[in-house]
>>> print(open('model-v7.cif').read())   # mmCIF, C-alpha atoms
data_input
loop_
_atom_site.label_atom_id
_atom_site.label_comp_id
_atom_site.auth_asym_id
_atom_site.auth_seq_id
_atom_site.Cartn_x
_atom_site.Cartn_y
_atom_site.Cartn_z
CA MET A 1 -56.87 244.60 14.48
CA ALA A 2 -58.91 245.14 11.42
CA THR A 3 -55.77 245.42 9.37
CA LEU A 4 -54.48 242.02 10.63
CA ASN A 5 -57.75 240.34 9.68
CA ILE A 6 -57.56 241.72 6.15
CA ILE A 7 -53.97 240.51 5.72
CA ALA A 8 -54.84 237.09 7.07
CA ALA A 9 -57.75 236.89 4.73
CA HIS A 10 -55.47 237.52 1.77
CA LYS A 11 -52.83 235.04 2.89
CA LEU A 12 -54.92 232.06 3.93
CA PRO A 13 -56.66 230.15 1.18
CA SER A 14 -60.21 229.47 1.16
CA PRO A 15 -61.61 225.99 1.70
CA ALA A 16 -62.90 225.85 -1.83
CA SER A 17 -59.59 226.75 -3.35
CA SER A 18 -57.72 224.32 -1.16
CA SER A 19 -60.02 221.49 -2.13
CA PHE A 20 -59.52 222.29 -5.87
CA ALA A 21 -55.73 222.28 -5.41
CA ALA A 22 -55.88 218.96 -3.66
CA GLN A 23 -57.94 217.53 -6.51
CA SER A 24 -55.48 218.95 -9.06
CA GLN A 25 -52.57 217.31 -7.26
CA LYS A 26 -54.20 213.85 -7.47
CA PRO A 27 -52.98 211.72 -10.39
CA ASN A 28 -55.38 211.85 -13.33
CA PHE A 29 -55.42 209.10 -16.10
CA LEU A 30 -56.24 211.59 -18.85
CA SER A 31 -53.37 213.88 -17.93
CA LEU A 32 -50.94 210.95 -17.84
CA PHE A 33 -52.05 209.77 -21.30
CA CYS A 34 -51.67 213.26 -22.77
CA THR A 35 -48.30 213.74 -21.13
CA GLN A 36 -46.93 210.47 -22.52
CA THR A 37 -48.39 211.05 -25.94
CA PHE A 38 -47.30 214.65 -26.53
CA SER A 39 -44.03 214.51 -24.65
CA LYS A 40 -40.62 214.14 -26.48
CA PRO A 41 -40.34 210.64 -28.04
CA ASP A 42 -37.57 208.14 -27.32
CA PRO A 43 -34.69 208.23 -29.95
CA SER A 44 -34.41 204.43 -30.09
CA TRP A 45 -38.08 204.15 -30.92
CA LEU A 46 -37.64 206.69 -33.75
CA LEU A 47 -34.68 204.71 -35.17
CA GLY A 48 -36.65 201.50 -35.20
CA PHE A 49 -39.55 203.21 -36.83
CA SER A 50 -37.36 204.74 -39.60
CA THR A 51 -35.68 201.38 -40.24
CA ARG A 52 -38.99 199.63 -40.61
CA LYS A 53 -40.19 202.39 -42.88
CA LYS A 54 -37.13 202.08 -45.16
CA ARG A 55 -37.42 198.32 -45.25
CA ASN A 56 -41.05 198.52 -46.16
CA SER A 57 -40.30 201.07 -48.90
CA THR A 58 -37.48 198.86 -50.32
CA VAL A 59 -39.67 195.79 -50.41
CA GLY A 60 -42.36 197.83 -52.03
CA SER A 61 -40.01 199.13 -54.74
CA VAL A 62 -38.73 195.60 -55.51
CA THR A 63 -42.29 194.38 -55.71
CA GLU A 64 -43.16 197.20 -58.05
CA ASP A 65 -40.12 196.38 -60.29
CA ARG A 66 -41.15 192.74 -60.40
CA GLU A 67 -44.56 193.78 -61.44
CA VAL A 68 -43.31 196.22 -64.10
CA VAL A 69 -40.83 193.92 -65.89
CA PRO A 70 -43.30 191.18 -66.79
CA LEU A 71 -45.62 193.85 -68.06
CA LYS A 72 -42.93 195.12 -70.44
CA GLU A 73 -41.99 191.61 -71.53
CA LYS A 74 -45.62 190.76 -71.97
CA HIS A 75 -46.07 193.89 -74.03
CA ALA A 76 -43.14 192.92 -76.26
CA GLU A 77 -44.47 189.39 -76.63
CA ASP A 78 -47.89 190.74 -77.51
CA GLN A 79 -46.27 192.97 -80.11
CA ASP A 80 -44.29 190.06 -81.58
CA SER A 81 -47.37 187.87 -81.60
CA SER A 82 -49.28 190.60 -83.32
CA LEU A 83 -46.56 190.78 -85.95
CA LEU A 84 -46.68 187.00 -86.36
CA VAL A 85 -50.45 187.08 -86.66
CA ASN A 86 -50.29 189.88 -89.15
CA GLY A 87 -47.38 188.25 -90.97
CA SER A 88 -46.56 191.20 -93.21
CA GLU A 89 -43.09 192.08 -91.95
CA GLU A 90 -42.01 188.49 -91.47
CA PHE A 91 -43.27 187.56 -94.90
CA GLU A 92 -41.34 190.42 -96.45
CA ALA A 93 -38.10 189.34 -94.71
CA VAL A 94 -38.50 185.69 -95.66
CA SER A 95 -39.45 186.51 -99.22
CA SER A 96 -36.47 188.85 -99.64
CA SER A 97 -34.02 186.28 -98.21
CA SER A 98 -35.44 183.50 -100.35
CA ALA A 99 -35.28 185.68 -103.44
CA TYR A 100 -31.64 186.54 -102.64
CA SER A 101 -30.71 182.88 -102.15
CA GLU A 102 -32.47 181.89 -105.37
CA GLY A 103 -30.71 184.65 -107.27
CA ARG A 104 -27.38 183.68 -105.79
CA GLY A 105 -27.96 180.02 -106.67
CA GLU A 106 -28.80 180.92 -110.24
CA GLY A 107 -25.69 183.10 -110.43
CA ASP A 108 -23.49 180.27 -109.13
CA ASP A 109 -24.98 177.82 -111.61
CA LEU A 110 -24.40 180.24 -114.47
CA GLU A 111 -20.83 180.90 -113.36
CA LYS A 112 -20.12 177.17 -113.03
CA LEU A 113 -21.59 176.51 -116.46
CA THR A 114 -19.51 179.30 -118.00
CA SER A 115 -16.33 178.02 -116.34
CA ARG A 116 -17.04 174.50 -117.56
CA ALA A 117 -17.56 175.78 -121.10
CA ILE A 118 -14.26 177.70 -121.01
CA ASN A 119 -12.42 174.63 -119.70
CA ALA A 120 -13.96 172.49 -122.43
CA LEU A 121 -12.81 174.98 -125.08
CA ILE A 122 -9.28 174.97 -123.63
CA VAL A 123 -9.07 171.18 -123.58
CA LEU A 124 -10.56 170.89 -127.05
CA GLY A 125 -8.31 173.57 -128.50
CA PHE A 126 -5.02 172.30 -127.09
CA GLY A 127 -5.96 168.68 -127.71
CA THR A 128 -6.81 169.37 -131.33
CA PHE A 129 -3.59 171.31 -131.82
CA ALA A 130 -1.41 168.58 -130.29
CA VAL A 131 -3.05 165.71 -132.16
CA SER A 132 -2.95 167.58 -135.45
CA LYS A 133 0.75 168.40 -135.00
CA LEU A 134 1.57 164.80 -134.21
CA LEU A 135 -0.46 163.33 -137.03
CA THR A 136 0.60 165.85 -139.69
CA ILE A 137 4.31 165.49 -139.14
CA ASP A 138 4.63 164.06 -142.66
CA HIS A 139 2.02 166.14 -144.45
CA ASP A 140 4.63 167.24 -147.01
CA TYR A 141 5.07 163.60 -148.03
CA TRP A 142 1.48 162.43 -147.93
CA HIS A 143 1.04 162.46 -151.67
CA GLY A 144 0.09 158.96 -152.67
CA TRP A 145 0.22 157.58 -149.09
CA THR A 146 -2.48 155.40 -147.65
CA LEU A 147 -3.91 155.88 -144.15
CA TYR A 148 -1.99 152.85 -142.95
CA GLU A 149 1.29 154.31 -144.14
CA ILE A 150 0.54 157.66 -142.48
CA LEU A 151 -0.17 156.04 -139.11
CA ARG A 152 2.80 153.70 -139.47
CA TYR A 153 5.41 156.45 -139.85
CA VAL A 154 3.92 158.94 -137.38
CA PRO A 155 5.78 157.67 -134.24
CA GLU A 156 9.13 157.28 -136.01
CA HIS A 157 9.06 160.67 -137.70
CA ASN A 158 7.92 162.44 -134.53
CA TRP A 159 10.89 160.95 -132.70
CA ILE A 160 13.22 162.16 -135.43
CA ALA A 161 11.70 165.65 -135.18
CA TYR A 162 12.23 165.62 -131.41
CA GLU A 163 15.90 164.68 -131.76
CA GLN A 164 16.38 167.44 -134.29
CA ALA A 165 14.79 169.93 -131.86
CA LEU A 166 17.15 168.72 -129.11
CA LYS A 167 20.14 169.36 -131.34
CA ALA A 168 18.86 172.76 -132.45
CA ASN A 169 17.81 174.12 -129.04
CA PRO A 170 17.94 171.52 -126.25
CA VAL A 171 16.95 173.83 -123.38
CA LEU A 172 13.85 175.21 -125.12
CA ALA A 173 12.73 171.75 -126.23
CA LYS A 174 13.03 170.41 -122.68
CA MET A 175 11.24 173.46 -121.28
CA MET A 176 8.31 172.85 -123.64
CA ILE A 177 8.06 169.22 -122.63
CA SER A 178 8.22 170.00 -118.89
CA GLY A 179 5.60 172.73 -119.25
CA VAL A 180 3.15 170.35 -120.93
CA VAL A 181 3.86 167.56 -118.43
CA TYR A 182 3.39 169.79 -115.35
CA THR A 183 0.15 171.19 -116.76
CA LEU A 184 -1.26 167.73 -117.40
CA GLY A 185 0.06 166.52 -114.03
CA ASP A 186 -1.83 169.22 -112.14
CA TRP A 187 -4.99 168.43 -114.10
CA ILE A 188 -4.64 164.78 -113.12
CA ALA A 189 -4.07 165.86 -109.50
CA GLN A 190 -7.29 167.89 -109.49
CA CYS A 191 -9.24 164.97 -110.93
CA TYR A 192 -7.66 162.70 -108.31
CA GLU A 193 -8.81 165.11 -105.60
CA GLY A 194 -12.42 164.61 -106.72
CA LYS A 195 -13.08 167.47 -109.14
CA PRO A 196 -14.99 166.70 -112.35
CA LEU A 197 -13.01 166.44 -115.55
CA LEU A 198 -14.03 169.85 -116.91
CA GLU A 199 -14.27 171.75 -113.59
CA PHE A 200 -10.55 172.13 -112.98
CA ASP A 201 -8.96 175.26 -111.56
CA ARG A 202 -7.40 177.04 -114.55
CA LYS A 203 -5.22 179.33 -112.46
CA ARG A 204 -3.79 176.45 -110.47
CA MET A 205 -3.08 174.44 -113.62
CA PHE A 206 -1.47 177.45 -115.28
CA ARG A 207 0.77 178.03 -112.25
CA SER A 208 1.97 174.44 -112.27
CA GLY A 209 2.65 174.52 -116.03
CA LEU A 210 4.52 177.81 -115.68
CA VAL A 211 6.79 176.39 -112.98
CA GLY A 212 7.49 173.32 -115.12
CA PHE A 213 8.25 175.42 -118.18
CA THR A 214 10.45 178.07 -116.58
CA PHE A 215 12.34 176.03 -113.99
CA HIS A 216 12.11 172.28 -114.36
CA GLY A 217 13.13 171.93 -118.01
CA SER A 218 16.12 174.27 -117.88
CA LEU A 219 17.37 173.22 -114.42
CA SER A 220 17.02 169.53 -115.23
CA HIS A 221 19.03 169.97 -118.42
CA TYR A 222 21.99 171.40 -116.50
CA TYR A 223 21.54 169.05 -113.55
CA TYR A 224 21.95 165.87 -115.61
CA GLN A 225 25.08 167.26 -117.20
CA PHE A 226 26.43 168.14 -113.75
CA CYS A 227 25.59 164.65 -112.44
CA GLU A 228 27.53 163.04 -115.30
CA ALA A 229 30.51 165.25 -114.55
CA LEU A 230 30.26 164.43 -110.83
CA PHE A 231 30.19 160.67 -111.44
CA PRO A 232 32.21 160.14 -114.65
CA LEU A 233 33.00 156.47 -114.01
CA GLU A 234 31.06 153.50 -115.32
CA ASP A 235 31.48 151.11 -112.39
CA TRP A 236 28.62 149.18 -110.83
CA TRP A 237 28.29 151.55 -107.88
CA VAL A 238 27.85 154.67 -110.07
CA VAL A 239 24.14 154.13 -110.72
CA PRO A 240 23.26 153.69 -107.00
CA ALA A 241 25.42 156.71 -106.18
CA LYS A 242 23.61 158.84 -108.77
CA ILE A 243 20.24 157.68 -107.45
CA ALA A 244 21.24 158.49 -103.85
CA PHE A 245 22.48 161.95 -104.88
CA ASP A 246 19.34 162.56 -106.95
CA GLN A 247 16.96 161.58 -104.14
CA THR A 248 18.71 163.61 -101.44
CA VAL A 249 20.31 166.76 -102.83
CA TRP A 250 18.49 167.30 -106.10
CA ALA A 251 15.05 166.18 -104.84
CA ALA A 252 15.30 168.50 -101.84
CA ILE A 253 16.32 171.43 -104.04
CA TRP A 254 13.67 170.89 -106.69
CA ASN A 255 10.81 170.20 -104.28
CA SER A 256 11.66 173.42 -102.42
CA ILE A 257 11.83 175.43 -105.65
CA TYR A 258 8.50 174.07 -106.84
CA PHE A 259 6.80 174.77 -103.51
CA VAL A 260 8.24 178.27 -103.06
CA VAL A 261 7.53 179.42 -106.63
CA LEU A 262 3.95 178.18 -106.43
CA GLY A 263 3.53 180.07 -103.15
CA PHE A 264 4.74 183.30 -104.72
CA LEU A 265 2.47 182.77 -107.71
CA ARG A 266 -0.42 182.42 -105.26
CA LEU A 267 0.66 185.80 -103.80
CA GLU A 268 1.37 184.34 -100.37
CA SER A 269 3.68 185.95 -97.85
CA PRO A 270 7.28 184.61 -97.50
CA ILE A 271 6.66 183.68 -93.85
CA LYS A 272 3.60 181.62 -94.78
CA ILE A 273 5.47 179.93 -97.65
CA PHE A 274 8.38 179.07 -95.37
CA ASP A 275 6.06 177.63 -92.72
CA GLU A 276 4.21 175.50 -95.26
CA LEU A 277 7.50 174.32 -96.80
CA LYS A 278 8.83 173.37 -93.39
CA ALA A 279 5.68 171.37 -92.69
CA THR A 280 5.67 169.51 -96.04
CA PHE A 281 9.41 169.18 -96.80
CA TRP A 282 10.00 165.82 -95.18
CA PRO A 283 6.70 164.20 -96.31
CA MET A 284 7.36 165.22 -99.92
CA LEU A 285 10.93 163.93 -99.79
CA THR A 286 9.98 160.57 -98.34
CA ALA A 287 7.06 160.25 -100.77
CA GLY A 288 9.54 160.50 -103.64
CA TRP A 289 11.51 157.57 -102.26
CA LYS A 290 8.55 155.30 -103.00
CA LEU A 291 8.70 156.12 -106.72
CA TRP A 292 11.94 157.59 -108.02
CA PRO A 293 14.59 155.04 -106.99
CA PHE A 294 12.93 152.43 -109.20
CA ALA A 295 12.41 154.88 -112.08
CA HIS A 296 16.02 156.10 -111.86
CA LEU A 297 17.36 152.60 -112.31
CA VAL A 298 16.19 153.09 -115.88
CA THR A 299 17.16 156.80 -115.98
CA TYR A 300 20.81 156.35 -115.02
CA GLY A 301 21.25 152.78 -116.22
CA LEU A 302 19.74 152.75 -119.71
CA ILE A 303 18.75 156.22 -120.98
CA PRO A 304 21.35 158.50 -122.66
CA VAL A 305 21.93 161.93 -121.12
CA GLU A 306 20.05 163.95 -123.77
CA GLN A 307 17.01 161.66 -123.62
CA ARG A 308 16.75 161.40 -119.83
CA LEU A 309 14.45 164.34 -119.30
CA LEU A 310 11.81 162.92 -121.67
CA TRP A 311 11.73 159.70 -119.67
CA VAL A 312 11.73 161.60 -116.39
CA ASP A 313 8.86 163.80 -117.60
CA CYS A 314 6.81 160.71 -118.41
CA VAL A 315 7.26 159.58 -114.80
CA GLU A 316 6.65 163.17 -113.68
CA LEU A 317 2.98 162.78 -114.65
CA ILE A 318 2.69 160.66 -111.51
CA TRP A 319 5.07 162.72 -109.39
CA VAL A 320 3.52 166.10 -110.26
CA THR A 321 0.19 164.69 -109.10
CA ILE A 322 1.77 164.00 -105.70
CA LEU A 323 3.60 167.35 -105.58
CA SER A 324 0.56 169.41 -106.57
CA THR A 325 -1.64 167.56 -104.10
CA TYR A 326 0.78 168.25 -101.22
CA SER A 327 1.19 171.91 -102.14
CA ASN A 328 -2.46 172.81 -102.70
CA GLU A 329 -3.80 170.77 -99.76
CA LYS A 330 -1.58 172.74 -97.39
CA SER A 331 -2.56 176.06 -98.95
CA GLU A 332 -6.29 175.26 -98.91
CA SER A 333 -6.13 174.06 -95.29
CA SER A 334 -4.45 177.29 -94.20
CA ILE A 335 -7.07 179.31 -96.09
CA SER A 336 -9.90 177.38 -94.44
CA GLU A 337 -8.32 177.85 -91.01
CA ALA A 338 -8.01 181.57 -91.63
CA SER A 339 -11.60 181.84 -92.75
CA SER A 340 -12.84 179.83 -89.76
CA GLY A 341 -10.78 182.05 -87.45
CA ALA A 342 -12.28 185.14 -89.05
CA ASP A 343 -15.79 183.72 -88.64
CA SER A 344 -15.18 182.91 -84.98
CA ALA A 345 -13.72 186.36 -84.39
CA SER A 346 -16.71 188.03 -86.04
CA SER A 347 -19.13 185.91 -84.03
CA SER A 348 -17.32 186.73 -80.79
CA SER A 349 -17.34 190.44 -81.65
CA ASN A 350 -21.07 190.34 -82.40
CA SER A 351 -22.02 188.42 -79.24
CA PRO A 352 -21.69 191.41 -76.82
CA LYS A 353 -23.95 193.46 -79.08
CA GLN A 354 -26.63 190.81 -78.89
CA ASP A 355 -26.42 190.70 -75.11
#
>>> encode(input="model-v7.cif", output="C-alpha cells")
Amino acid sequence: MATLNIIAAHKLPSPASSSFAAQSQKPNFLSLFCTQTFSKPDPSWLLGFSTRKKRNSTVGSVTEDREVVPLKEKHAEDQDSSLLVNGSEEFEAVSSSSAYSEGRGEGDDLEKLTSRAINALIVLGFGTFAVSKLLTIDHDYWHGWTLYEILRYVPEHNWIAYEQALKANPVLAKMMISGVVYTLGDWIAQCYEGKPLLEFDRKRMFRSGLVGFTFHGSLSHYYYQFCEALFPLEDWWVVPAKIAFDQTVWAAIWNSIYFVVLGFLRLESPIKIFDELKATFWPMLTAGWKLWPFAHLVTYGLIPVEQRLLWVDCVELIWVTILSTYSNEKSESSISEASSGADSASSSSNSPKQD
C-alpha cells in the first residue's frame, strides 16, 4: 500500500505544476512576435527586398555619375578660364601663328616680286632682240642713209629676207614663226584670263611655244602641200572643199595633238589627258568654226602655198588664245577638284579623332 502511494505520487502532477503548464499552453503575444520575427522568412518577400535594393543602388550610381560629370566639366572649364585669365599660353600660340603668317606673306611678296622681275627681263630681252633685228636688216647699207630712208626700207627688206629664208630652209623658217606666235598667243591668253602683264606663267608660255615650234610649223608645211595635191583643180568649189576639209579633218587632228602634247608636258597621266580631250574636243572644234572659215577664204583663195603659214600664224594669235584657254582651264579645274577632294578627305579623316 505504501508502495502504490509512492508510485502515484510520482505519476500524478502537482497542482502547481499543472497550473504552470496550463499557463504555458495559453497563447502569449510576446512568444508570437518572437516566433514570427525569428522564424524562416518568406522567399517572395526576400525577392522583393533584393529587387528594391538593386533598384535603389542603380539609381544611386546614376545619380553619383550625374554628379561627377559636371564636376569634371566644371574643373576643365575652370582650368580653361584660368588659362584665358593668365593668357600666357594663348598669347604664345597667337603670336607664333601671326608671326608665321606674316613671314609667309613676306615670302610670297618677295617671290612674286622676283617672278615679276624675271618676266620683265624676259620680255625686255626678247623684245629688244626682235626689234633690233627688224630695224637693222639694212645695217650694211646704212652709210649715208637718213632715218626716213632706214624706216622706209625696213618692211620691204624684211620681207625679202623672209622669202630667202623660205627658199633656204622652209621648214625651219616656219617652225620659228609658229614658235613665236604660239608663245605670244599664250601670253595674250593669260592676260585675257585676268593675269597682270608681267605676272604670266613662264612654264605655261614655254610649253605652248615649244608645241608651236616642234609640231605646228613642220606639220602645217606638209599639210598645205598635201591639201594642194588632194584638190589640184581651180574650180569654184575647190576653196569651199579645202575649207571644209581643213575645219573637219585637219582641225580635229591638230587640236588633239596640241592638247595631248601640252598634257604630257604638264606630266599628266594618259588617262587624265584622254578624259580632258574627250570633254573639250567638240567645244574646241565648234569654236574654230566661228573664226577659221572666214580666215581661210583668204588662205585658200588669195595666199600662195609657201606664204600661207605666215598668214595663218597671224590669225593664230587669236586662235592660240582660245586653244590655250580651253586647255589650261580644264587642267586647272581638275587640279582644284583634286585638291578640294583631298581637303575633304583629310577633314573627314580628322573628324573621328576630334570626337
>>> closest_atom_pairs(input="model-v7.cif", of="region 176-202 of chain A", to="region 213-223 of chain A", cutoff="7 Å", atoms="only C-alpha atoms", output="CSV")
residue,atom,partner,partner_atom,distance
A:Met176,CA,A:Phe213,CA,6.0
A:Ser178,CA,A:Gly217,CA,5.3
A:Gly179,CA,A:Phe213,CA,3.9
>>> atom_distance(input="model-v7.cif", atom1="CA of Gly288 (chain A)", atom2="CA of Trp319 (chain A)")
7.6 Å
>>> axis_aligned_box(input="model-v7.cif", around="region 192-208 of chain A", padding_each_side="3 Å", output="lines of an AutoDock Vina configuration file")
center_x = -6.5
center_y = 171.0
center_z = -111.3
size_x = 23.0
size_y = 22.6
size_z = 17.3
>>> resolve_selection(input="model-v7.cif", expression="the PyMOL selection byres ((chain A and resi 263) around 12)", output="ChimeraX atom specification")
/A:204,207-208,211,256-262,264-277,324,327-328,330-332
>>> atom_distance(input="model-v7.cif", atom1="CA of Val154 (chain A)", atom2="CA of Ala130 (chain A)")
13.1 Å
>>> residues_near_point(input="model-v7.cif", point="(19.7, 163.1, -105.9)", cutoff="12 Å", atoms="all atoms listed in the file", output="JSON, numbers by chain")
{"A": [220, 223, 224, 226, 227, 230, 239, 240, 241, 242, 243, 244, 245, 246, 247, 248, 249, 250, 251, 252, 253, 254, 255, 285, 288, 289, 292, 293, 296, 300]}
>>> closest_residue(input="model-v7.cif", among="A:Asn119, A:Thr325, A:Asn158, A:Gln164", to="Leu134 (chain A)", atoms="only C-alpha atoms")
A:Asn158
>>> atom_distance(input="model-v7.cif", atom1="CA of Tyr326 (chain A)", atom2="CA of Met284 (chain A)")
7.4 Å
>>> resolve_selection(input="model-v7.cif", expression="the PyMOL selection byres ((chain A and resi 317) around 12)", output="ChimeraX atom specification")
/A:177-189,208-209,212,291,310-316,318-324
>>> decode(input="model-v7.cif", residues="region 111-130 of chain A", atoms="N, CA and C atoms", output="mmCIF file, in the first residue's frame")
data_model
loop_
_atom_site.group_PDB
_atom_site.id
_atom_site.type_symbol
_atom_site.label_atom_id
_atom_site.label_comp_id
_atom_site.auth_asym_id
_atom_site.auth_seq_id
_atom_site.Cartn_x
_atom_site.Cartn_y
_atom_site.Cartn_z
ATOM 1 N N GLU A 111 58.631 86.492 -103.451
ATOM 2 C CA GLU A 111 58.625 85.574 -104.590
ATOM 3 C C GLU A 111 57.886 86.176 -105.785
ATOM 4 N N LYS A 112 56.775 86.844 -105.528
ATOM 5 C CA LYS A 112 56.021 87.472 -106.615
ATOM 6 C C LYS A 112 56.826 88.598 -107.251
ATOM 7 N N LEU A 113 57.520 89.368 -106.433
ATOM 8 C CA LEU A 113 58.345 90.447 -106.964
ATOM 9 C C LEU A 113 59.503 89.908 -107.798
ATOM 10 N N THR A 114 60.109 88.808 -107.336
ATOM 11 C CA THR A 114 61.199 88.200 -108.099
ATOM 12 C C THR A 114 60.702 87.645 -109.431
ATOM 13 N N SER A 115 59.545 86.974 -109.402
ATOM 14 C CA SER A 115 58.980 86.433 -110.641
ATOM 15 C C SER A 115 58.635 87.541 -111.626
ATOM 16 N N ARG A 116 58.106 88.642 -111.099
ATOM 17 C CA ARG A 116 57.766 89.767 -111.983
ATOM 18 C C ARG A 116 59.031 90.373 -112.603
ATOM 19 N N ALA A 117 60.100 90.437 -111.819
ATOM 20 C CA ALA A 117 61.354 90.976 -112.354
ATOM 21 C C ALA A 117 61.924 90.063 -113.445
ATOM 22 N N ILE A 118 61.854 88.754 -113.221
ATOM 23 C CA ILE A 118 62.343 87.816 -114.240
ATOM 24 C C ILE A 118 61.518 87.927 -115.514
ATOM 25 N N ASN A 119 60.202 88.015 -115.372
ATOM 26 C CA ASN A 119 59.339 88.154 -116.550
ATOM 27 C C ASN A 119 59.633 89.452 -117.299
ATOM 28 N N ALA A 120 59.875 90.523 -116.547
ATOM 29 C CA ALA A 120 60.195 91.792 -117.200
ATOM 30 C C ALA A 120 61.503 91.694 -117.981
ATOM 31 N N LEU A 121 62.503 91.004 -117.399
ATOM 32 C CA LEU A 121 63.768 90.823 -118.110
ATOM 33 C C LEU A 121 63.581 89.995 -119.369
ATOM 34 N N ILE A 122 62.736 88.953 -119.306
ATOM 35 C CA ILE A 122 62.488 88.121 -120.484
ATOM 36 C C ILE A 122 61.823 88.935 -121.597
ATOM 37 N N VAL A 123 60.787 89.673 -121.229
ATOM 38 C CA VAL A 123 60.080 90.484 -122.228
ATOM 39 C C VAL A 123 61.002 91.548 -122.808
ATOM 40 N N LEU A 124 61.768 92.200 -121.943
ATOM 41 C CA LEU A 124 62.664 93.243 -122.419
ATOM 42 C C LEU A 124 63.765 92.680 -123.310
ATOM 43 N N GLY A 125 64.301 91.528 -122.923
ATOM 44 C CA GLY A 125 65.376 90.933 -123.709
ATOM 45 C C GLY A 125 64.923 90.482 -125.085
ATOM 46 N N PHE A 126 63.828 89.697 -125.134
ATOM 47 C CA PHE A 126 63.353 89.221 -126.430
ATOM 48 C C PHE A 126 62.791 90.361 -127.280
ATOM 49 N N GLY A 127 62.134 91.318 -126.636
ATOM 50 C CA GLY A 127 61.620 92.449 -127.401
ATOM 51 C C GLY A 127 62.727 93.280 -128.027
ATOM 52 N N THR A 128 63.774 93.513 -127.248
ATOM 53 C CA THR A 128 64.903 94.273 -127.774
ATOM 54 C C THR A 128 65.589 93.527 -128.907
ATOM 55 N N PHE A 129 65.733 92.226 -128.755
ATOM 56 C CA PHE A 129 66.369 91.429 -129.807
ATOM 57 C C PHE A 129 65.549 91.457 -131.087
ATOM 58 N N ALA A 130 64.230 91.282 -130.976
ATOM 59 C CA ALA A 130 63.385 91.247 -132.173
ATOM 60 C C ALA A 130 63.359 92.591 -132.886
#
